[in-house]
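Have a look at entry.txt below; it lists compact mmCIF, C-alpha atoms.
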```txt
# COMPACT_ATOMS: atom_id res chain seq x y z
CA MET A 1 -6.05 59.24 2.82
CA LYS A 2 -3.36 58.92 5.47
CA ILE A 3 -4.71 58.83 9.01
CA ILE A 4 -2.35 59.47 11.93
CA HIS A 5 -3.44 58.33 15.38
CA VAL A 6 -2.41 60.50 18.33
CA ALA A 7 -0.62 58.43 20.99
CA ASN A 8 -1.88 60.55 23.89
CA PRO A 9 -5.38 61.73 22.98
CA LEU A 10 -6.21 65.30 23.89
CA PRO A 11 -8.96 65.87 26.47
CA ARG A 12 -12.24 66.82 24.82
CA LEU A 13 -14.79 69.36 25.96
CA VAL A 14 -17.62 66.80 25.83
CA GLY A 15 -15.69 64.26 27.92
CA SER A 16 -17.34 65.09 31.24
CA ALA A 17 -20.77 65.45 29.62
CA LEU A 18 -20.36 62.02 28.04
CA ALA A 19 -19.41 60.44 31.39
CA ASP A 20 -22.41 62.07 33.08
CA ARG A 21 -24.81 60.75 30.43
CA LEU A 22 -23.37 57.23 30.49
CA ALA A 23 -24.04 57.16 34.24
CA VAL A 24 -27.73 57.92 33.66
CA MET A 25 -28.93 56.75 30.25
CA PRO A 26 -28.85 53.20 28.81
CA ALA A 27 -27.57 54.59 25.49
CA VAL A 28 -25.53 57.63 24.54
CA VAL A 29 -25.17 58.64 20.89
CA VAL A 30 -22.11 60.70 19.90
CA THR A 31 -22.29 62.11 16.38
CA GLY A 32 -20.10 64.45 14.38
CA ALA A 33 -18.25 64.75 11.10
CA ARG A 34 -15.85 62.03 10.03
CA GLN A 35 -12.37 62.39 11.62
CA THR A 36 -13.39 64.64 14.53
CA GLY A 37 -12.12 62.03 17.01
CA LYS A 38 -15.28 60.09 17.88
CA SER A 39 -13.57 56.69 17.75
CA THR A 40 -10.70 57.94 19.90
CA LEU A 41 -13.15 59.40 22.38
CA ALA A 42 -15.15 56.18 22.53
CA GLU A 43 -12.15 53.81 22.59
CA GLN A 44 -9.54 55.60 24.70
CA LEU A 45 -11.23 58.37 26.69
CA VAL A 46 -14.22 56.44 28.06
CA ALA A 47 -13.46 54.71 31.35
CA GLY A 48 -14.33 51.05 31.99
CA ASP A 49 -14.20 47.80 30.05
CA ARG A 50 -16.36 47.82 26.94
CA ARG A 51 -16.62 45.72 23.84
CA TYR A 52 -15.77 47.79 20.77
CA ARG A 53 -17.19 47.10 17.31
CA THR A 54 -16.94 49.38 14.30
CA LEU A 55 -19.17 49.12 11.25
CA ASP A 56 -16.23 50.29 9.17
CA ASP A 57 -15.18 46.64 9.53
CA PHE A 58 -17.01 44.79 6.74
CA ASP A 59 -17.35 41.64 8.87
CA VAL A 60 -19.03 43.60 11.65
CA LEU A 61 -21.24 45.39 9.11
CA ALA A 62 -22.30 42.03 7.64
CA ALA A 63 -23.08 40.71 11.13
CA ALA A 64 -25.16 43.81 11.87
CA ARG A 65 -27.25 43.18 8.76
CA ARG A 66 -27.47 39.41 9.22
CA ASP A 67 -28.11 39.09 12.98
CA PRO A 68 -28.23 42.46 14.80
CA GLU A 69 -29.65 40.85 17.96
CA ALA A 70 -26.52 38.74 18.40
CA LEU A 71 -24.26 41.76 17.85
CA VAL A 72 -25.90 43.90 20.54
CA GLY A 73 -26.63 41.03 22.93
CA GLY A 74 -24.75 40.25 26.13
CA ARG A 75 -24.48 42.01 29.48
CA GLU A 76 -21.10 43.65 28.90
CA PRO A 77 -21.30 47.32 27.78
CA ILE A 78 -20.63 47.78 24.07
CA THR A 79 -19.49 50.63 21.83
CA LEU A 80 -20.80 50.56 18.26
CA ASP A 81 -18.86 52.88 15.95
CA GLU A 82 -20.23 54.41 12.72
CA VAL A 83 -23.78 53.12 13.27
CA GLN A 84 -25.14 55.29 10.44
CA ARG A 85 -23.85 52.61 8.06
CA GLU A 86 -26.65 50.29 9.22
CA PRO A 87 -29.53 52.38 10.62
CA SER A 88 -31.71 49.30 11.20
CA LEU A 89 -29.28 48.29 13.95
CA LEU A 90 -30.97 50.89 16.17
CA SER A 91 -34.10 48.75 16.29
CA ALA A 92 -32.09 45.93 17.88
CA VAL A 93 -30.55 48.40 20.32
CA LYS A 94 -34.02 49.62 21.27
CA ARG A 95 -35.27 46.10 21.95
CA ALA A 96 -32.16 45.26 23.99
CA ILE A 97 -32.66 48.38 26.14
CA ASP A 98 -36.30 47.49 26.72
CA ARG A 99 -35.21 44.08 28.02
CA ASN A 100 -32.38 45.41 30.19
CA ARG A 101 -32.29 49.12 30.96
CA THR A 102 -28.77 49.34 32.42
CA ALA A 103 -27.11 52.76 32.44
CA GLY A 104 -24.19 53.09 30.04
CA ARG A 105 -24.92 49.84 28.25
CA PHE A 106 -24.61 51.28 24.73
CA LEU A 107 -22.29 53.95 23.37
CA LEU A 108 -23.10 54.65 19.72
CA THR A 109 -21.09 56.89 17.42
CA GLY A 110 -21.85 58.06 13.89
CA SER A 111 -20.61 60.43 11.20
CA ALA A 112 -24.12 61.69 10.54
CA ASN A 113 -26.90 63.24 12.56
CA LEU A 114 -29.10 60.20 13.17
CA LEU A 115 -32.07 62.42 14.02
CA LEU A 116 -31.96 63.92 10.51
CA MET A 117 -31.49 60.69 8.57
CA ARG A 118 -34.59 59.50 6.71
CA GLN A 119 -33.46 55.86 6.98
CA VAL A 120 -33.58 55.99 10.78
CA SER A 121 -36.97 54.73 11.89
CA GLU A 122 -36.08 54.49 15.61
CA SER A 123 -35.32 57.68 17.49
CA LEU A 124 -34.47 55.90 20.76
CA ALA A 125 -36.58 58.57 22.45
CA GLY A 126 -36.41 58.19 26.22
CA ARG A 127 -33.62 55.63 25.87
CA ALA A 128 -30.70 57.68 24.59
CA SER A 129 -28.93 60.97 25.14
CA TYR A 130 -27.33 62.73 22.16
CA LEU A 131 -24.01 64.57 22.00
CA THR A 132 -22.19 66.21 19.09
CA LEU A 133 -18.40 66.10 18.81
CA TRP A 134 -17.24 69.07 16.76
CA PRO A 135 -13.68 69.51 15.47
CA LEU A 136 -11.12 70.59 18.06
CA THR A 137 -11.54 74.08 19.48
CA ARG A 138 -8.43 76.23 19.87
CA ARG A 139 -8.26 75.42 23.59
CA GLU A 140 -8.71 71.72 22.93
CA GLN A 141 -5.77 71.89 20.53
CA LEU A 142 -3.75 73.42 23.39
CA GLY A 143 -4.65 70.47 25.61
CA LEU A 144 -7.01 72.47 27.83
CA GLY A 145 -10.15 70.50 26.96
CA SER A 146 -12.35 73.60 26.85
CA ALA A 147 -13.85 76.29 24.62
CA GLY A 148 -14.05 80.07 25.03
CA ARG A 149 -15.07 81.88 28.21
CA TRP A 150 -18.77 81.97 27.43
CA GLU A 151 -19.96 80.67 30.79
CA GLU A 152 -17.82 83.20 32.62
CA LEU A 153 -19.22 86.03 30.51
CA LEU A 154 -22.76 84.90 31.26
CA GLU A 155 -22.10 84.64 35.00
CA THR A 156 -19.99 87.80 35.45
CA PRO A 157 -21.63 91.23 35.93
CA ASP A 158 -20.95 93.68 33.11
CA GLU A 159 -18.56 95.76 35.21
CA GLY A 160 -16.34 92.70 35.73
CA TRP A 161 -15.87 91.87 32.05
CA ARG A 162 -12.83 94.08 31.61
CA ASP A 163 -10.83 92.28 34.29
CA LEU A 164 -12.14 88.88 33.17
CA LEU A 165 -11.03 89.26 29.57
CA ALA A 166 -7.88 91.33 30.00
CA ASP A 167 -5.63 88.36 30.76
CA GLY A 168 -6.85 86.02 28.02
CA ASP A 169 -5.55 82.46 28.31
CA GLY A 170 -1.84 83.18 27.87
CA HIS A 171 -1.68 81.64 24.38
CA ARG A 172 -1.59 84.23 21.62
CA GLU A 173 -1.67 83.39 17.93
CA ASP A 174 -2.84 84.72 14.59
CA TRP A 175 -6.45 83.65 14.04
CA ARG A 176 -5.70 83.18 10.34
CA ALA A 177 -3.34 80.30 11.14
CA LEU A 178 -6.07 78.68 13.24
CA ALA A 179 -8.59 79.08 10.41
CA GLN A 180 -6.24 77.50 7.88
CA ARG A 181 -5.46 74.40 9.93
CA GLY A 182 -9.05 73.96 11.13
CA GLY A 183 -10.00 71.64 13.95
CA PHE A 184 -9.69 68.09 12.64
CA PRO A 185 -7.04 66.40 14.83
CA THR A 186 -4.73 65.26 12.04
CA PRO A 187 -4.23 68.58 10.15
CA ALA A 188 -4.53 70.65 13.34
CA ILE A 189 -2.08 68.68 15.49
CA GLU A 190 -0.02 66.28 13.38
CA LEU A 191 0.61 68.19 10.13
CA SER A 192 2.74 71.30 10.36
CA ASN A 193 2.83 72.83 6.87
CA PRO A 194 0.17 73.94 4.36
CA ALA A 195 1.24 71.48 1.64
CA GLU A 196 0.69 68.46 3.90
CA ARG A 197 -2.66 69.84 5.07
CA ALA A 198 -3.77 70.41 1.47
CA ILE A 199 -3.10 66.74 0.70
CA TRP A 200 -5.09 65.68 3.78
CA PHE A 201 -8.03 67.99 3.04
CA ASP A 202 -8.18 66.80 -0.56
CA GLY A 203 -8.27 63.18 0.59
CA TYR A 204 -10.94 64.04 3.17
CA VAL A 205 -13.23 65.63 0.58
CA ARG A 206 -12.72 62.76 -1.87
CA THR A 207 -13.48 60.18 0.83
CA TYR A 208 -16.62 62.07 1.81
CA LEU A 209 -17.85 62.31 -1.79
CA GLU A 210 -16.95 58.79 -2.88
CA ARG A 211 -17.85 56.85 0.27
CA ASP A 212 -19.53 58.60 3.21
CA LEU A 213 -22.04 60.46 1.06
CA GLN A 214 -23.18 57.21 -0.51
CA ASP A 215 -24.21 55.94 2.94
CA LEU A 216 -26.69 58.82 3.18
CA ALA A 217 -28.12 59.12 -0.33
CA THR A 218 -27.57 58.36 -3.98
CA ILE A 219 -25.97 61.31 -5.76
CA SER A 220 -26.11 61.11 -9.54
CA SER A 221 -23.42 63.73 -10.20
CA LEU A 222 -20.54 64.03 -7.72
CA PRO A 223 -18.87 66.88 -9.71
CA ASP A 224 -22.07 68.94 -9.37
CA PHE A 225 -22.20 68.16 -5.65
CA ARG A 226 -18.60 69.27 -5.22
CA ARG A 227 -19.33 72.54 -7.06
CA LEU A 228 -22.21 73.15 -4.68
CA MET A 229 -19.85 72.58 -1.74
CA GLN A 230 -17.41 75.10 -3.20
CA ALA A 231 -20.15 77.66 -3.80
CA ALA A 232 -21.38 77.28 -0.22
CA CYS A 233 -17.82 77.83 1.06
CA LEU A 234 -17.57 81.03 -0.96
CA ARG A 235 -20.82 82.29 0.61
CA LEU A 236 -19.59 81.72 4.15
CA GLY A 237 -21.41 83.89 6.67
CA GLN A 238 -23.98 85.13 4.16
CA LEU A 239 -27.74 84.72 4.20
CA LEU A 240 -28.72 81.46 2.55
CA ASN A 241 -30.64 81.94 -0.69
CA GLN A 242 -31.06 78.52 -2.28
CA THR A 243 -32.39 79.91 -5.57
CA GLU A 244 -29.35 82.14 -6.09
CA LEU A 245 -27.00 79.37 -4.99
CA GLY A 246 -28.61 77.02 -7.51
CA ARG A 247 -28.27 79.64 -10.24
CA ASP A 248 -24.53 79.95 -9.51
CA VAL A 249 -23.95 76.20 -9.96
CA ALA A 250 -26.65 75.55 -12.58
CA LEU A 251 -28.77 73.32 -10.35
CA PRO A 252 -32.51 73.44 -9.64
CA GLN A 253 -33.58 74.75 -6.22
CA PRO A 254 -35.08 71.40 -5.04
CA THR A 255 -31.73 69.69 -5.73
CA VAL A 256 -29.84 72.43 -3.88
CA HIS A 257 -32.23 72.06 -0.94
CA ARG A 258 -31.76 68.29 -0.77
CA TRP A 259 -27.99 68.41 -1.10
CA LEU A 260 -27.62 71.14 1.53
CA ASN A 261 -29.63 68.93 3.88
CA LEU A 262 -27.16 66.11 3.23
CA LEU A 263 -24.22 68.40 4.02
CA GLU A 264 -25.93 69.48 7.24
CA THR A 265 -26.74 65.87 8.18
CA SER A 266 -23.05 64.98 7.87
CA TYR A 267 -22.00 68.05 9.92
CA LEU A 268 -20.08 69.75 7.11
CA LEU A 269 -22.59 72.58 6.72
CA VAL A 270 -24.03 74.67 9.57
CA ARG A 271 -27.15 76.80 9.17
CA LEU A 272 -27.41 79.48 11.86
CA PRO A 273 -31.05 80.47 12.44
CA ALA A 274 -32.29 84.03 12.91
CA TYR A 275 -33.20 85.26 16.39
CA ALA A 276 -36.71 86.70 16.38
CA VAL A 277 -38.41 88.21 19.42
CA ASN A 278 -38.94 91.81 18.36
CA ARG A 279 -42.30 92.21 16.62
CA THR A 280 -41.97 95.94 15.97
CA LYS A 281 -39.24 95.69 13.32
CA ARG A 282 -38.89 93.83 10.08
CA LEU A 283 -36.35 91.11 10.82
CA VAL A 284 -34.37 89.04 8.37
CA LYS A 285 -35.37 85.42 8.98
CA SER A 286 -33.25 83.49 6.48
CA PRO A 287 -30.45 81.39 8.07
CA ARG A 288 -26.79 82.25 7.63
CA VAL A 289 -24.58 79.55 6.16
CA PHE A 290 -21.32 78.45 7.79
CA TRP A 291 -19.02 75.44 7.53
CA GLY A 292 -18.30 72.80 10.14
CA ASP A 293 -14.52 73.30 9.76
CA THR A 294 -12.73 76.39 8.43
CA GLY A 295 -9.79 74.34 7.12
CA VAL A 296 -12.07 72.38 4.79
CA ALA A 297 -13.92 75.57 3.81
CA LEU A 298 -10.70 77.38 2.88
CA HIS A 299 -9.45 74.33 0.96
CA LEU A 300 -12.66 73.97 -1.05
CA GLY A 301 -13.05 77.70 -1.62
CA ALA A 302 -9.36 78.12 -2.56
CA THR A 303 -9.32 81.51 -0.88
CA ALA A 304 -7.48 83.36 1.88
CA PRO A 305 -8.88 83.77 5.41
CA ALA A 306 -11.32 86.69 5.67
CA GLY A 307 -13.68 88.13 8.25
CA ALA A 308 -16.29 85.46 7.55
CA HIS A 309 -13.79 82.77 8.52
CA LEU A 310 -13.15 84.51 11.85
CA GLU A 311 -16.90 84.49 12.44
CA ASN A 312 -16.92 80.79 11.54
CA LEU A 313 -14.18 80.13 14.12
CA VAL A 314 -16.22 81.87 16.81
CA LEU A 315 -19.35 79.95 15.83
CA HIS A 316 -17.44 76.67 15.93
CA ASP A 317 -16.24 77.48 19.45
CA LEU A 318 -19.80 78.35 20.46
CA LEU A 319 -21.21 75.13 18.99
CA ALA A 320 -18.66 72.98 20.82
CA TRP A 321 -19.40 74.80 24.09
CA ARG A 322 -23.18 74.67 23.60
CA ASP A 323 -23.31 70.93 22.96
CA ALA A 324 -21.36 70.16 26.14
CA GLN A 325 -23.81 72.03 28.39
CA VAL A 326 -26.52 70.51 30.56
CA ASP A 327 -28.79 73.54 30.22
CA ARG A 328 -30.43 74.20 26.88
CA VAL A 329 -28.47 76.83 24.94
CA GLU A 330 -29.76 78.50 21.77
CA LEU A 331 -27.50 80.12 19.16
CA ALA A 332 -28.76 82.52 16.52
CA TYR A 333 -27.97 85.79 14.74
CA TRP A 334 -30.01 89.01 14.70
CA ARG A 335 -30.50 91.33 11.71
CA THR A 336 -33.09 93.80 10.49
CA THR A 337 -33.83 94.84 6.92
CA ILE A 338 -32.44 98.33 7.63
CA GLY A 339 -28.99 97.01 8.45
CA GLU A 340 -28.94 96.64 12.23
CA GLU A 341 -27.28 93.36 13.12
CA VAL A 342 -25.56 91.23 15.74
CA ASP A 343 -23.34 88.38 14.54
CA PHE A 344 -24.34 85.85 17.21
CA VAL A 345 -26.81 85.67 20.07
CA ILE A 346 -26.50 83.19 22.95
CA GLU A 347 -29.73 82.54 24.84
CA VAL A 348 -29.64 80.47 28.02
CA GLY A 349 -31.75 80.60 31.16
CA GLY A 350 -33.51 83.81 30.12
CA THR A 351 -30.20 85.61 29.54
CA LEU A 352 -29.07 86.95 26.18
CA LEU A 353 -25.42 87.43 25.26
CA PRO A 354 -25.12 89.15 21.86
CA ILE A 355 -21.68 88.85 20.24
CA GLU A 356 -20.13 90.99 17.53
CA VAL A 357 -16.99 89.67 15.84
CA LYS A 358 -14.27 92.05 14.73
CA ALA A 359 -10.81 91.38 13.28
CA THR A 360 -7.93 93.75 13.98
CA SER A 361 -4.53 94.10 12.38
CA LYS A 362 -2.45 94.26 15.57
CA PRO A 363 -2.82 93.79 19.33
CA ARG A 364 -4.28 96.73 21.21
CA ALA A 365 -6.41 97.54 24.24
CA ARG A 366 -8.80 100.45 24.50
CA CYS A 367 -11.66 101.50 26.79
CA SER A 368 -14.36 104.09 26.16
CA ALA A 369 -17.88 105.01 27.18
CA ALA A 370 -20.55 102.66 25.93
CA VAL A 371 -22.77 103.54 23.01
CA ARG A 372 -26.47 102.85 23.31
CA ASN A 373 -27.85 100.48 20.68
CA ARG A 374 -31.40 99.42 20.05
CA TRP A 375 -31.87 95.73 20.92
CA ASN A 376 -35.25 94.00 21.09
CA ARG A 377 -37.32 96.98 22.28
CA GLY A 378 -34.68 97.89 24.83
CA THR A 379 -31.22 99.33 25.00
CA SER A 380 -28.12 97.22 24.99
CA VAL A 381 -24.51 98.12 25.32
CA ALA A 382 -21.36 97.44 23.45
CA SER A 383 -19.41 95.44 26.01
CA PRO A 384 -15.92 93.93 26.18
CA VAL A 385 -14.05 92.45 23.28
CA SER A 386 -12.09 89.43 24.44
CA PRO A 387 -8.46 88.72 23.58
CA ASP A 388 -9.88 86.49 20.84
CA SER A 389 -11.09 89.59 18.96
CA ILE A 390 -14.70 89.14 20.08
CA ARG A 391 -16.90 92.01 21.22
CA SER A 392 -19.83 90.90 23.35
CA ARG A 393 -23.08 92.57 24.40
CA ARG A 394 -25.54 91.36 26.98
CA ARG A 395 -28.89 92.21 28.52
CA LEU A 396 -31.53 90.24 30.46
CA ARG A 397 -34.63 89.46 28.44
CA GLY A 398 -37.50 91.73 29.41
CA GLY A 399 -35.27 93.95 31.54
CA ALA A 400 -34.35 97.54 30.93
CA GLY A 401 -31.25 98.14 28.88
CA ARG A 402 -28.04 98.83 30.74
CA VAL A 403 -25.12 101.10 29.96
CA ALA A 404 -21.62 100.09 31.00
CA ALA A 405 -18.04 100.81 30.06
CA SER A 406 -16.97 99.44 26.70
CA CYS A 407 -13.53 97.90 26.58
CA THR A 408 -11.78 96.24 23.64
CA ALA A 409 -8.68 94.12 23.79
CA SER A 410 -7.77 92.21 20.66
CA ARG A 411 -4.90 90.57 18.89
CA ALA A 412 -4.07 89.61 15.35
```

If you took the structure in this file and wrote it as structure tokens, what would it be?
Amino acid sequence: MKIIHVANPLPRLVGSALADRLAVMPAVVVTGARQTGKSTLAEQLVAGDRRYRTLDDFDVLAAARRDPEALVGGREPITLDEVQREPSLLSAVKRAIDRNRTAGRFLLTGSANLLLMRQVSESLAGRASYLTLWPLTRREQLGLGSAGRWEELLETPDEGWRDLLADGDGHREDWRALAQRGGFPTPAIELSNPAERAIWFDGYVRTYLERDLQDLATISSLPDFRRLMQAACLRLGQLLNQTELGRDVALPQPTVHRWLNLLETSYLLVRLPAYAVNRTKRLVKSPRVFWGDTGVALHLGATAPAGAHLENLVLHDLLAWRDAQVDRVELAYWRTTIGEEVDFVIEVGGTLLPIEVKATSKPRARCSAAVRNRWNRGTSVASPVSPDSIRSRRRLRGGAGRVAASCTASRA
């Protein structure tokens, strides 16, 4: 697979959060899917002099297995890249921190969620802070180093949403083009036509199946695993039913369960949990299944962008924004068995921001009176749709429902 390095790395949304954590914690762990830009972030965007060692180098990997204490020793700060390749190295890092608890001493990166890996016996609890680097958001691709305007929506009174969202960010584009190129830096920034991106995505999937996956578990049948990946891509945005998914690809449910966990551990699959506060209605509690990158999902599914891919784009933007926040942010969806639903729900600091995603065929702006909707034993309102074709709704938990003007402004 051809890898193109960007000469001037784009600013990343997690950059400031990473700097803040390095100033406080002795270790910071940055995880995310392969090729999201973790090495670039660790090597070029982190200030200060640091030793850099990657376990993709077989000599470094051998040293980590032979004498991990020597590899992590020394007073100079060190960056260890792709640490999931030798999980036992974390034990040496833990012991080194216990001997010398200097802030920013270790920066660890990995292409798997270390907290979900069975081989990881050390959690570094109390010694490390964890960050996730997702593929580039649309605004990161534009060089803005940010995600959508979620914080502004949470902080702005309902009556101010129309003015807040009317201007957008000045960069209009078809969301379908964004979905097709995805957020991995190489296809999103360096490759300009679909044929080149198809070659890159094919190489990415093959590398994942033939190499990265083997670092996490032993898979007896890679063709079956790939068929499961394709089936999951074709069920994008739907409720996850592992039995039905297994029936589609002729695999037993326990195997489907284990392989989906591996996809989630490597950040290719995202399971969105159900939001459940209302006890008076029958709520759907199964997670919805999404993909970590829409470009990979469209390549594997061999299909055209649809509404589910727009929802996936919005979720990706939300995930990147959530994981760069100091405050705890919860993301979920809300649905009842009688068909009432909200695509996404942001919960932070006692505030709920429900989000409904709609695609439109051409740019337009329209305002009308709000329509009351039942929402968690109260009344919520349909509120503004941003220039990114997103309609949002918000209410304070436990407070009475509010009615405000509903304004939509969307673009293709």

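For Thr109 (chain A), the residues within 7 Å (counting all atoms listed in the file, excluding itself and residues fewer than 6 positions away along the chain) are Val29, Val30, Thr31, Lys38, Leu80, Asp81, Glu82 and Val83 of chain A.
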
TODO: State, in Å with one decimal place, the distance from CA of Leu236 (chain A) to CA of Leu352 (chain A).
DONE: 24.5 Å

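Interatomic distance, CA of Ala304 (chain A) against CA of Leu269 (chain A): 19.2 Å.
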
TODO: Could you tell me which of A:Glu196, A:Glu155, A:Glu69, A:Asp343 comes closest to Leu310 (chain A) if we count only C-alpha atoms?
DONE: A:Asp343

What are the nearest atom pairs, with distances in Å to one decimal, for all residues of region 261-362 of chain A that come at most 12 Å from region 131-151 of chain A, using all atoms listed in the file, set out by chain and rising residue number as a tab-separated table?
```
residue	atom	partner	partner_atom	distance
A:Thr265	CA	A:Thr132	CA	11.8
A:Ser266	CA	A:Thr132	CA	11.3
A:Tyr267	CA	A:Trp134	CA	8.4
A:Leu268	CA	A:Trp134	CA	10.1
A:Leu269	CA	A:Trp134	CA	11.9
A:Val270	CA	A:Trp134	CA	11.4
A:Trp291	CA	A:Pro135	CA	11.3
A:Gly292	CA	A:Trp134	CA	7.7
A:Asp293	CA	A:Pro135	CA	6.9
A:Thr294	CA	A:Pro135	CA	9.9
A:Gly295	CA	A:Pro135	CA	10.4
A:Val296	CA	A:Pro135	CA	11.2
A:Asn312	CA	A:Thr137	CA	11.7
A:Leu313	CA	A:Thr137	CA	8.5
A:Val314	CA	A:Gly148	CA	8.7
A:Leu315	CA	A:Thr137	CA	10.4
A:His316	CA	A:Thr137	CA	7.4
A:Asp317	CA	A:Thr137	CA	5.8
A:Leu318	CA	A:Gly148	CA	7.5
A:Leu319	CA	A:Trp134	CA	7.6
A:Ala320	CA	A:Trp134	CA	5.8
A:Trp321	CA	A:Ala147	CA	5.8
A:Arg322	CA	A:Trp150	CA	9.3
A:Asp323	CA	A:Thr132	CA	6.2
A:Ala324	CA	A:Leu131	CA	7.4
A:Gln325	CA	A:Glu151	CA	9.8
A:Val326	CA	A:Leu131	CA	10.7
A:Asp327	CA	A:Glu151	CA	11.4
A:Val329	CA	A:Glu151	CA	11.0
A:Val345	CA	A:Trp150	CA	11.5
A:Ile346	CA	A:Trp150	CA	9.0
A:Glu347	CA	A:Trp150	CA	11.3
A:Val348	CA	A:Glu151	CA	10.1
A:Gly349	CA	A:Glu151	CA	11.8
A:Thr351	CA	A:Glu151	CA	11.4
A:Leu352	CA	A:Trp150	CA	11.5
A:Leu353	CA	A:Trp150	CA	8.9
A:Pro354	CA	A:Trp150	CA	11.1
A:Ile355	CA	A:Trp150	CA	10.4
```

Go ahead and write the selection's residues with C-alpha atoms as a tab-separated table (two decimals), in the frame of the given file.
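Saved file again.tsv follows:
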```
chain	number	residue	atom	x	y	z
A	265	THR	CA	-26.74	65.87	8.18
A	266	SER	CA	-23.05	64.98	7.87
A	267	TYR	CA	-22.00	68.05	9.92
A	268	LEU	CA	-20.08	69.75	7.11
A	269	LEU	CA	-22.59	72.58	6.72
A	270	VAL	CA	-24.03	74.67	9.57
A	291	TRP	CA	-19.02	75.44	7.53
A	292	GLY	CA	-18.30	72.80	10.14
A	293	ASP	CA	-14.52	73.30	9.76
A	294	THR	CA	-12.73	76.39	8.43
A	295	GLY	CA	-9.79	74.34	7.12
A	296	VAL	CA	-12.07	72.38	4.79
A	312	ASN	CA	-16.92	80.79	11.54
A	313	LEU	CA	-14.18	80.13	14.12
A	314	VAL	CA	-16.22	81.87	16.81
A	315	LEU	CA	-19.35	79.95	15.83
A	316	HIS	CA	-17.44	76.67	15.93
A	317	ASP	CA	-16.24	77.48	19.45
A	318	LEU	CA	-19.80	78.35	20.46
A	319	LEU	CA	-21.21	75.13	18.99
A	320	ALA	CA	-18.66	72.98	20.82
A	321	TRP	CA	-19.40	74.80	24.09
A	322	ARG	CA	-23.18	74.67	23.60
A	323	ASP	CA	-23.31	70.93	22.96
A	324	ALA	CA	-21.36	70.16	26.14
A	325	GLN	CA	-23.81	72.03	28.39
A	326	VAL	CA	-26.52	70.51	30.56
A	327	ASP	CA	-28.79	73.54	30.22
A	329	VAL	CA	-28.47	76.83	24.94
A	345	VAL	CA	-26.81	85.67	20.07
A	346	ILE	CA	-26.50	83.19	22.95
A	347	GLU	CA	-29.73	82.54	24.84
A	348	VAL	CA	-29.64	80.47	28.02
A	349	GLY	CA	-31.75	80.60	31.16
A	351	THR	CA	-30.20	85.61	29.54
A	352	LEU	CA	-29.07	86.95	26.18
A	353	LEU	CA	-25.42	87.43	25.26
A	354	PRO	CA	-25.12	89.15	21.86
A	355	ILE	CA	-21.68	88.85	20.24
```

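Distance-wise, CA of Asp67 (chain A) and CA of Ser88 (chain A) end up 11.0 Å apart.
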
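Using all atoms listed in the file for every distance, the candidate list A:Ala177, A:Met25, A:Ala125, A:Ala42 yields A:Ala42 as the residue closest to Arg12 (chain A).
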
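Checking A:Ser39, A:Thr303, A:Thr336, A:Asn241 one by one against Gln180 (chain A), counting only C-alpha atoms, you find the shortest gap at A:Thr303.
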
TODO: Using all atoms listed in the file, give me every residue within 8 Å of (-27.0, 52.0, 5.5) in file coordinates, as a ChimeraX atom specification.
DONE: /A:84-88,119,215-216

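Excluding Cys233 (chain A) and any residue on its chain fewer than 6 positions from it, the residues at most 8 Å away by all atoms listed in the file are Phe290, Trp291, Ala297, Leu298, Leu300 and Gly301 of chain A.
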
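Distance check against Leu13 (chain A) using all atoms listed in the file: of A:Gln35, A:Trp175, A:Leu41, A:Ala92, the minimum falls on A:Leu41.
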
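Using all atoms listed in the file, the smallest distance between any of A:Thr79, A:Leu272, A:Arg51, A:Leu89 and Ala64 (chain A) comes from A:Leu89.
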
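For the residues A:Thr186, A:Gln242, A:Ser220, A:Thr102, ranking by smallest atom-to-atom distance to Gly74 (chain A) using all atoms listed in the file places A:Thr102 first.
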
Can you save region 93-113 of chain A of the given block to a file, including C-alpha atoms and formatted as a compact mmCIF listing (two decimals), in the first residue's frame?
```txt
# COMPACT_ATOMS: atom_id res chain seq x y z
CA VAL A 93 6.07 1.66 31.37
CA LYS A 94 4.09 1.27 34.60
CA ARG A 95 7.19 0.42 36.61
CA ALA A 96 9.13 3.33 35.08
CA ILE A 97 6.33 5.75 36.01
CA ASP A 98 6.26 4.44 39.57
CA ARG A 99 9.99 5.17 39.86
CA ASN A 100 9.80 8.62 38.25
CA ARG A 101 6.41 10.26 37.90
CA THR A 102 7.37 13.11 35.55
CA ALA A 103 4.57 14.72 33.54
CA GLY A 104 4.72 14.01 29.82
CA ARG A 105 7.36 11.32 30.14
CA PHE A 106 5.57 8.78 27.92
CA LEU A 107 3.48 9.30 24.81
CA LEU A 108 2.08 5.98 23.60
CA THR A 109 0.17 5.44 20.38
CA GLY A 110 -1.64 2.36 19.12
CA SER A 111 -3.94 1.18 16.33
CA ALA A 112 -6.19 -0.61 18.80
CA ASN A 113 -8.14 0.32 21.89
```
